[in-house]
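Text of the file data.txt, holding compact mmCIF, C-alpha atoms:
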```
# COMPACT_ATOMS: atom_id res chain seq x y z
CA MET A 1 -82.23 18.03 -219.83
CA LYS A 2 -81.01 15.53 -217.27
CA THR A 3 -81.28 16.76 -213.71
CA THR A 4 -77.87 16.85 -212.03
CA PRO A 5 -76.68 18.23 -208.72
CA LEU A 6 -75.30 21.28 -210.52
CA ASN A 7 -78.59 21.89 -212.35
CA ARG A 8 -80.44 21.67 -209.09
CA ALA A 9 -78.03 24.19 -207.56
CA VAL A 10 -78.58 26.55 -210.48
CA GLN A 11 -82.34 26.26 -210.04
CA ALA A 12 -82.00 26.95 -206.32
CA ILE A 13 -79.86 30.04 -206.97
CA ALA A 14 -82.39 31.36 -209.49
CA ALA A 15 -85.30 30.80 -207.11
CA SER A 16 -83.44 32.48 -204.28
CA ALA A 17 -82.65 35.51 -206.45
CA LEU A 18 -86.26 35.88 -207.52
CA LEU A 19 -87.49 35.62 -203.95
CA SER A 20 -85.02 38.21 -202.74
CA PHE A 21 -86.33 40.65 -205.33
CA GLY A 22 -90.02 39.98 -204.80
CA SER A 23 -90.55 39.42 -201.08
CA ALA A 24 -91.03 41.92 -198.25
CA GLY A 25 -89.06 41.84 -195.02
CA TRP A 26 -87.99 43.88 -192.02
CA ALA A 27 -84.57 45.41 -191.45
CA ALA A 28 -83.56 45.94 -187.81
CA SER A 29 -82.16 49.43 -187.20
CA THR A 30 -81.18 51.81 -184.42
CA TRP A 31 -81.17 55.61 -184.47
CA ASN A 32 -78.66 57.04 -181.98
CA VAL A 33 -78.77 60.72 -181.08
CA SER A 34 -74.97 60.69 -181.48
CA GLY A 35 -75.59 60.26 -185.21
CA CYS A 36 -78.05 63.17 -185.49
CA THR A 37 -76.99 66.42 -187.13
CA GLY A 38 -78.60 69.86 -186.96
CA THR A 39 -78.54 73.21 -185.18
CA SER A 40 -79.20 72.72 -181.49
CA ASN A 41 -81.27 74.80 -179.10
CA VAL A 42 -83.33 76.81 -181.60
CA MET A 43 -87.11 77.08 -181.42
CA GLY A 44 -88.62 75.03 -184.25
CA ASN A 45 -85.36 73.35 -185.26
CA SER A 46 -84.93 69.78 -186.47
CA PHE A 47 -82.22 67.12 -186.64
CA SER A 48 -81.53 64.49 -189.28
CA CYS A 49 -80.70 61.14 -187.68
CA THR A 50 -79.00 58.34 -189.59
CA SER A 51 -79.53 54.70 -188.69
CA THR A 52 -77.21 51.84 -187.91
CA GLY A 53 -77.99 48.21 -188.64
CA ASP A 54 -79.70 46.73 -191.69
CA SER A 55 -81.41 49.90 -192.94
CA ALA A 56 -80.19 53.22 -194.28
CA THR A 57 -83.47 54.94 -193.37
CA ALA A 58 -83.06 58.42 -191.89
CA ALA A 59 -85.34 60.07 -189.33
CA THR A 60 -86.12 63.75 -188.88
CA ALA A 61 -86.48 64.66 -185.20
CA THR A 62 -88.34 67.77 -183.99
CA ALA A 63 -89.52 69.00 -180.58
CA TRP A 64 -92.91 70.19 -179.35
CA GLY A 65 -94.37 71.42 -176.09
CA THR A 66 -97.82 72.42 -174.86
CA ASN A 67 -98.52 75.98 -173.73
CA GLY A 68 -99.85 74.81 -170.37
CA SER A 69 -100.92 71.79 -168.34
CA THR A 70 -104.69 71.86 -168.85
CA SER A 71 -106.60 69.71 -171.34
CA SER A 72 -107.06 72.78 -173.58
CA ALA A 73 -103.30 73.38 -173.88
CA THR A 74 -102.05 73.13 -177.47
CA PHE A 75 -98.70 72.06 -178.91
CA ALA A 76 -96.25 74.57 -180.37
CA ALA A 77 -92.79 74.14 -181.84
CA ALA A 78 -90.09 73.83 -179.18
CA ALA A 79 -86.30 73.69 -179.21
CA LEU A 80 -84.63 70.31 -179.64
CA ALA A 81 -81.40 70.54 -177.68
CA LYS A 82 -78.60 68.02 -178.28
CA TYR A 83 -76.22 67.31 -175.42
CA THR A 84 -73.23 65.04 -174.91
CA ASN A 85 -73.30 62.70 -171.94
CA GLY A 86 -69.95 60.95 -171.77
CA SER A 87 -69.60 59.17 -175.12
CA VAL A 88 -73.27 59.37 -176.15
CA GLY A 89 -75.56 62.04 -177.50
CA GLU A 90 -78.94 62.87 -175.98
CA PHE A 91 -81.97 65.02 -176.80
CA GLY A 92 -83.72 67.35 -174.40
CA VAL A 93 -86.61 69.73 -175.08
CA LYS A 94 -87.04 73.41 -174.18
CA ASN A 95 -90.58 74.60 -174.82
CA ALA A 96 -91.63 78.20 -175.47
CA THR A 97 -92.64 78.79 -171.85
CA GLU A 98 -89.32 77.53 -170.45
CA GLY A 99 -87.25 79.44 -173.00
CA LEU A 100 -83.85 78.69 -174.46
CA SER A 101 -82.09 79.48 -171.17
CA ALA A 102 -83.86 76.65 -169.33
CA THR A 103 -81.53 74.72 -167.03
CA ASP A 104 -81.52 71.40 -165.15
CA PRO A 105 -83.99 69.71 -165.08
CA GLN A 106 -86.27 71.86 -167.27
CA HIS A 107 -83.90 71.44 -170.22
CA ALA A 108 -84.99 67.79 -170.42
CA MET A 109 -88.15 66.46 -172.08
CA ASP A 110 -90.60 66.81 -169.21
CA ASN A 111 -94.22 67.18 -168.09
CA ASN A 112 -93.78 69.80 -165.40
CA LEU A 113 -96.49 72.42 -166.16
CA GLN A 114 -96.25 71.60 -169.88
CA THR A 115 -95.94 68.34 -171.82
CA ASP A 116 -92.89 67.97 -174.07
CA LEU A 117 -92.48 65.48 -176.90
CA ILE A 118 -90.11 64.54 -179.71
CA SER A 119 -91.55 63.61 -183.10
CA LEU A 120 -89.75 61.24 -185.49
CA ASN A 121 -90.56 61.27 -189.20
CA PHE A 122 -89.12 58.43 -191.29
CA GLY A 123 -90.24 59.84 -194.64
CA THR A 124 -91.98 57.21 -196.76
CA ALA A 125 -90.56 54.28 -194.77
CA SER A 126 -92.83 52.19 -192.57
CA VAL A 127 -91.08 51.64 -189.24
CA ALA A 128 -92.09 49.46 -186.31
CA LEU A 129 -90.34 51.12 -183.38
CA ASN A 130 -90.02 48.76 -180.43
CA SER A 131 -87.60 50.27 -177.89
CA LEU A 132 -86.09 53.51 -176.63
CA SER A 133 -83.13 54.28 -174.40
CA LEU A 134 -82.71 57.14 -171.94
CA SER A 135 -79.37 58.63 -170.91
CA TYR A 136 -80.69 61.11 -168.34
CA VAL A 137 -83.49 60.91 -165.77
CA SER A 138 -84.47 63.29 -163.01
CA THR A 139 -87.22 62.36 -160.52
CA ASP A 140 -89.11 59.91 -162.78
CA SER A 141 -89.24 58.62 -166.37
CA ASP A 142 -92.78 57.68 -167.39
CA LEU A 143 -93.33 58.11 -171.13
CA SER A 144 -96.09 57.89 -173.73
CA VAL A 145 -95.33 56.44 -177.19
CA LEU A 146 -97.66 57.19 -180.10
CA ARG A 147 -97.73 56.52 -183.81
CA PHE A 148 -99.67 58.05 -186.72
CA ASP A 149 -102.23 55.84 -188.50
CA ALA A 150 -102.39 57.14 -192.07
CA THR A 151 -105.33 54.87 -192.90
CA LYS A 152 -107.67 57.14 -190.93
CA GLY A 153 -107.55 59.76 -193.67
CA PHE A 154 -105.76 62.61 -191.89
CA THR A 155 -102.46 64.39 -192.51
CA ALA A 156 -99.89 64.04 -189.76
CA SER A 157 -99.74 67.32 -187.84
CA ILE A 158 -99.03 68.45 -184.28
CA SER A 159 -98.96 72.24 -184.25
CA GLY A 160 -101.92 73.93 -182.57
CA LYS A 161 -103.53 70.66 -181.45
CA THR A 162 -104.50 69.56 -177.97
CA ILE A 163 -103.75 66.00 -176.91
CA ALA A 164 -107.42 65.08 -177.52
CA GLN A 165 -107.22 66.57 -181.01
CA LEU A 166 -104.10 64.55 -181.78
CA LEU A 167 -105.97 61.39 -180.86
CA SER A 168 -108.93 62.33 -183.04
CA THR A 169 -106.85 63.09 -186.13
CA GLY A 170 -104.88 59.90 -186.69
CA TRP A 171 -102.48 59.69 -183.77
CA GLU A 172 -102.86 56.70 -181.44
CA LEU A 173 -101.25 55.60 -178.21
CA VAL A 174 -99.03 52.54 -178.59
CA LYS A 175 -97.94 52.27 -174.97
CA ASN A 176 -97.24 54.16 -171.76
CA THR A 177 -93.88 53.02 -170.41
CA SER A 178 -93.62 53.14 -166.64
CA GLY A 179 -90.09 54.08 -165.60
CA GLY A 180 -88.18 54.98 -162.49
CA SER A 181 -85.49 57.37 -161.36
CA THR A 182 -82.61 55.75 -163.28
CA THR A 183 -81.69 55.53 -166.95
CA ALA A 184 -82.98 52.47 -168.78
CA THR A 185 -84.11 50.93 -172.05
CA TYR A 186 -87.85 50.38 -172.46
CA GLY A 187 -89.53 47.97 -174.86
CA PHE A 188 -92.94 48.36 -176.49
CA ASN A 189 -94.79 47.31 -179.66
CA ASN A 190 -93.41 43.78 -179.40
CA THR A 191 -96.47 41.59 -178.81
CA ALA A 192 -96.87 39.00 -181.56
CA GLY A 193 -99.94 39.61 -183.67
CA SER A 194 -100.39 43.25 -182.67
CA ILE A 195 -97.19 44.96 -183.84
CA VAL A 196 -97.86 48.26 -185.62
CA SER A 197 -95.73 50.43 -187.90
CA SER A 198 -95.81 53.99 -189.20
CA SER A 199 -93.66 56.65 -190.83
CA TRP A 200 -94.44 59.01 -187.89
CA TRP A 201 -93.81 58.34 -184.18
CA LEU A 202 -94.02 60.47 -181.03
CA ILE A 203 -91.99 59.98 -177.84
CA SER A 204 -93.65 62.10 -175.16
CA ALA A 205 -93.26 62.78 -171.48
CA TYR A 206 -96.21 60.96 -169.89
CA ASN A 207 -99.63 62.61 -169.94
CA ALA A 208 -102.83 60.94 -168.69
CA GLY A 209 -104.69 62.55 -171.60
CA TYR A 210 -103.20 60.00 -173.99
CA GLY A 211 -105.10 57.26 -172.14
CA GLY A 212 -103.87 53.73 -171.61
CA GLY A 213 -103.36 53.93 -167.87
CA SER A 214 -100.05 54.25 -166.03
CA SER A 215 -98.46 53.99 -162.61
CA ALA A 216 -97.13 57.53 -163.05
CA SER A 217 -96.12 59.45 -159.96
CA GLY A 218 -94.45 62.84 -159.82
CA ASN A 219 -92.92 64.85 -162.65
CA ASP A 220 -90.92 63.13 -165.37
CA TYR A 221 -87.69 64.57 -166.78
CA VAL A 222 -85.76 62.56 -169.38
CA LYS A 223 -83.31 62.84 -172.25
CA LEU A 224 -83.59 60.49 -175.21
CA MET A 225 -80.44 58.62 -176.26
CA SER A 226 -81.74 56.29 -179.00
CA VAL A 227 -84.70 54.49 -180.52
CA ALA A 228 -84.72 51.13 -182.26
CA GLY A 229 -87.05 49.08 -184.41
CA SER A 230 -87.49 47.50 -187.83
CA VAL A 231 -87.93 49.12 -191.24
CA GLN A 232 -90.20 47.39 -193.73
CA THR A 233 -88.55 46.59 -197.06
CA PRO A 234 -91.14 46.92 -199.83
CA PRO A 235 -92.22 43.83 -201.81
CA GLY A 236 -91.79 43.65 -205.57
CA LYS A 237 -88.71 45.85 -205.63
CA VAL A 238 -87.26 45.64 -209.14
CA PRO A 239 -83.48 45.10 -209.18
CA GLU A 240 -81.21 47.28 -211.27
CA PRO A 241 -80.71 46.08 -214.89
CA GLY A 242 -77.03 45.53 -214.23
CA SER A 243 -77.80 43.21 -211.32
CA LEU A 244 -80.23 41.19 -213.43
CA ALA A 245 -77.69 40.95 -216.24
CA LEU A 246 -74.96 39.70 -213.90
CA ILE A 247 -77.24 37.07 -212.39
CA GLY A 248 -78.36 35.99 -215.86
CA LEU A 249 -74.79 35.66 -217.13
CA GLY A 250 -73.82 33.72 -214.03
CA LEU A 251 -76.67 31.25 -214.47
CA LEU A 252 -75.92 30.81 -218.19
CA GLY A 253 -72.28 30.19 -217.37
CA LEU A 254 -73.15 27.51 -214.83
CA ILE A 255 -75.55 25.81 -217.26
CA GLY A 256 -72.95 25.93 -220.06
CA THR A 257 -70.32 24.40 -217.82
CA SER A 258 -72.71 21.65 -216.85
CA ARG A 259 -73.51 20.82 -220.48
CA ARG A 260 -69.84 20.76 -221.55
CA LYS A 261 -69.03 18.48 -218.67
CA ALA A 262 -71.88 16.15 -219.63
CA LYS A 263 -70.69 15.99 -223.28
CA SER A 264 -67.13 15.30 -222.18
CA GLN A 265 -68.27 12.44 -219.97
CA SER A 266 -70.38 11.06 -222.84
CA GLY A 267 -67.37 11.14 -225.20
CA ASP A 268 -65.18 9.34 -222.69
CA LEU A 269 -67.72 6.57 -222.37
CA ALA A 270 -67.99 6.19 -226.17
CA ALA A 271 -64.22 5.85 -226.52
```

As structure tokens, how would this structure be written, given the file I've shared?
Amino acid sequence: MKTTPLNRAVQAIAASALLSFGSAGWAASTWNVSGCTGTSNVMGNSFSCTSTGDSATAATATAWGTNGSTSSATFAAAALAKYTNGSVGEFGVKNATEGLSATDPQHAMDNNLQTDLISLNFGTASVALNSLSLSYVSTDSDLSVLRFDATKGFTASISGKTIAQLLSTGWELVKNTSGGSTTATYGFNNTAGSIVSSSWWLISAYNAGYGGGSSASGNDYVKLMSVAGSVQTPPGKVPEPGSLALIGLGLLGLIGTSRRKAKSQSGDLAA
């Protein structure tokens, strides 16, 4: 068959369709606390957080707090408390020692006497978180960000573990963010060649036990407003049969039109 501009276009469309079905990519997404739903201020509760952007991946947020400040202190389920700050939502943490009646600033995620954290589970999706935003800060805002490395052969768990035990069972520090006394957005996991992803992430009030070094000073009290990152789209995703059929019919229609046009032009020349 003679190669024409239309034939080349058809070939390009077909190649593009095949690539879109067979290649992996990353979809930028943001999870705002405003979009999280659940029962607030209950020990052991969780929230489901929908995303905005290029991915429909949901995250399940839960809260944890240690039962003391020593290296032997272990994590137990805490209360994830959702607040409204102006037009945005924000998460604070009330651990078992503070109790559900904790007030400012203990109702925030903090490291005063205990270490509080918020875990984010993205199900089966692999997510490369790279920033977080705070809507409330009291005193200071140093944080520790961790992710779970499933390749180490452990099951992601937090309950009953010390910080050292977390680090020895698959959790790893990604970065300590060094903040100040005002709200801000902090970036991490954005160095080319060393970006990591996981279906489990931890946002914790800073603790030296995680390692990594920090310029921390004083107690840190924060409320989390949002996290952002990219969700990996799996390679080799098979399109629905209806989609394949529509693409096939479209390509056949374009080829048929091209052939009829060629025959018509040939007949005109013969006449």

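Our summary of the geometry notes that atom CA of A:Trp31 is positioned 8.2 Å from atom CA of A:Ala58.
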
Write out as a PDB file with C-alpha atoms, in the coordinates of the input each polymer residue whose atoms come within 8 Å of stretch 68-76 of chain A, counting all atoms listed in the file; drop sequence neighbours fewer than 6 positions from it.
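Dumped to result.pdb:
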```
ATOM      1  CA  ASN A  95     -90.580  74.600-174.820  1.00  0.00           C
ATOM      2  CA  ALA A  96     -91.630  78.200-175.470  1.00  0.00           C
ATOM      3  CA  ASN A 112     -93.780  69.800-165.400  1.00  0.00           C
ATOM      4  CA  LEU A 113     -96.490  72.420-166.160  1.00  0.00           C
ATOM      5  CA  GLN A 114     -96.250  71.600-169.880  1.00  0.00           C
ATOM      6  CA  THR A 115     -95.940  68.340-171.820  1.00  0.00           C
ATOM      7  CA  ILE A 158     -99.030  68.450-184.280  1.00  0.00           C
ATOM      8  CA  SER A 159     -98.960  72.240-184.250  1.00  0.00           C
ATOM      9  CA  GLY A 160    -101.920  73.930-182.570  1.00  0.00           C
ATOM     10  CA  LYS A 161    -103.530  70.660-181.450  1.00  0.00           C
ATOM     11  CA  THR A 162    -104.500  69.560-177.970  1.00  0.00           C
ATOM     12  CA  ILE A 163    -103.750  66.000-176.910  1.00  0.00           C
ATOM     13  CA  ALA A 164    -107.420  65.080-177.520  1.00  0.00           C
ATOM     14  CA  GLY A 209    -104.690  62.550-171.600  1.00  0.00           C
TER      15      GLY A 209
END
```

Residue contacts of A:Ala56 (12 Å, all atoms listed in the file) excluding same-chain residues fewer than 3 positions away, as a list in words: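 Returned residues: Ala27, Ala28, Ser29, Thr30, Trp31, Cys49, Thr50, Ser51, Thr52, Gly53, Ala59, Phe122, Ala125, Ser230, Val231, Gln232 and Thr233 of chain A.
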
File of the preceding selection, C-alpha atoms, as an mmCIF file, in the coordinates of the input:
```cif
data_model
loop_
_atom_site.group_PDB
_atom_site.id
_atom_site.type_symbol
_atom_site.label_atom_id
_atom_site.label_comp_id
_atom_site.auth_asym_id
_atom_site.auth_seq_id
_atom_site.Cartn_x
_atom_site.Cartn_y
_atom_site.Cartn_z
ATOM 1 C CA ALA A 27 -84.570 45.410 -191.450
ATOM 2 C CA ALA A 28 -83.560 45.940 -187.810
ATOM 3 C CA SER A 29 -82.160 49.430 -187.200
ATOM 4 C CA THR A 30 -81.180 51.810 -184.420
ATOM 5 C CA TRP A 31 -81.170 55.610 -184.470
ATOM 6 C CA CYS A 49 -80.700 61.140 -187.680
ATOM 7 C CA THR A 50 -79.000 58.340 -189.590
ATOM 8 C CA SER A 51 -79.530 54.700 -188.690
ATOM 9 C CA THR A 52 -77.210 51.840 -187.910
ATOM 10 C CA GLY A 53 -77.990 48.210 -188.640
ATOM 11 C CA ALA A 59 -85.340 60.070 -189.330
ATOM 12 C CA PHE A 122 -89.120 58.430 -191.290
ATOM 13 C CA ALA A 125 -90.560 54.280 -194.770
ATOM 14 C CA SER A 230 -87.490 47.500 -187.830
ATOM 15 C CA VAL A 231 -87.930 49.120 -191.240
ATOM 16 C CA GLN A 232 -90.200 47.390 -193.730
ATOM 17 C CA THR A 233 -88.550 46.590 -197.060
#
```

Suppose you want the space between atom CA of A:Asn219 and atom CA of A:Asn32; what is it in Å? 25.3 Å

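When all atoms listed in the file are used to compute distances to A:Val88, the closest of the residues A:Ser138, A:Thr182, A:Ser34, A:Ser55 turns out to be A:Ser34.
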
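Rounded to one decimal, atom CA of A:Thr37 and atom CA of A:Ser144 lie 24.8 Å from each other.
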
If we count all atoms listed in the file and set the cut-off at 7 Å, which residues sit around stretch 174-179 of chain A, ignoring sequence neighbours fewer than 2 positions away in its own chain? Please answer as a PDB file with C-alpha atoms, keeping the file's coordinate frame.
```pdb
ATOM      1  CA  ASP A 140     -89.110  59.910-162.780  1.00  0.00           C
ATOM      2  CA  SER A 141     -89.240  58.620-166.370  1.00  0.00           C
ATOM      3  CA  ASP A 142     -92.780  57.680-167.390  1.00  0.00           C
ATOM      4  CA  LEU A 143     -93.330  58.110-171.130  1.00  0.00           C
ATOM      5  CA  SER A 144     -96.090  57.890-173.730  1.00  0.00           C
ATOM      6  CA  VAL A 145     -95.330  56.440-177.190  1.00  0.00           C
ATOM      7  CA  LEU A 146     -97.660  57.190-180.100  1.00  0.00           C
ATOM      8  CA  ARG A 147     -97.730  56.520-183.810  1.00  0.00           C
ATOM      9  CA  GLU A 172    -102.860  56.700-181.440  1.00  0.00           C
ATOM     10  CA  TYR A 186     -87.850  50.380-172.460  1.00  0.00           C
ATOM     11  CA  PHE A 188     -92.940  48.360-176.490  1.00  0.00           C
ATOM     12  CA  ASN A 189     -94.790  47.310-179.660  1.00  0.00           C
ATOM     13  CA  GLY A 212    -103.870  53.730-171.610  1.00  0.00           C
ATOM     14  CA  SER A 214    -100.050  54.250-166.030  1.00  0.00           C
ATOM     15  CA  SER A 215     -98.460  53.990-162.610  1.00  0.00           C
ATOM     16  CA  ALA A 216     -97.130  57.530-163.050  1.00  0.00           C
TER      17      ALA A 216
END
```

Determine the nearest neighbour of A:Leu117 from the options A:Thr62, A:Asn45, A:Ser199, A:Ser40, counting all atoms listed in the file.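 Of all the options, A:Thr62 lies closest to A:Leu117.
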
Nearest to A:Met109: which of A:Gly218, A:Gly229, A:Gly65, A:Gly123 is it, counting all atoms listed in the file?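 Nearest to A:Met109: A:Gly65.
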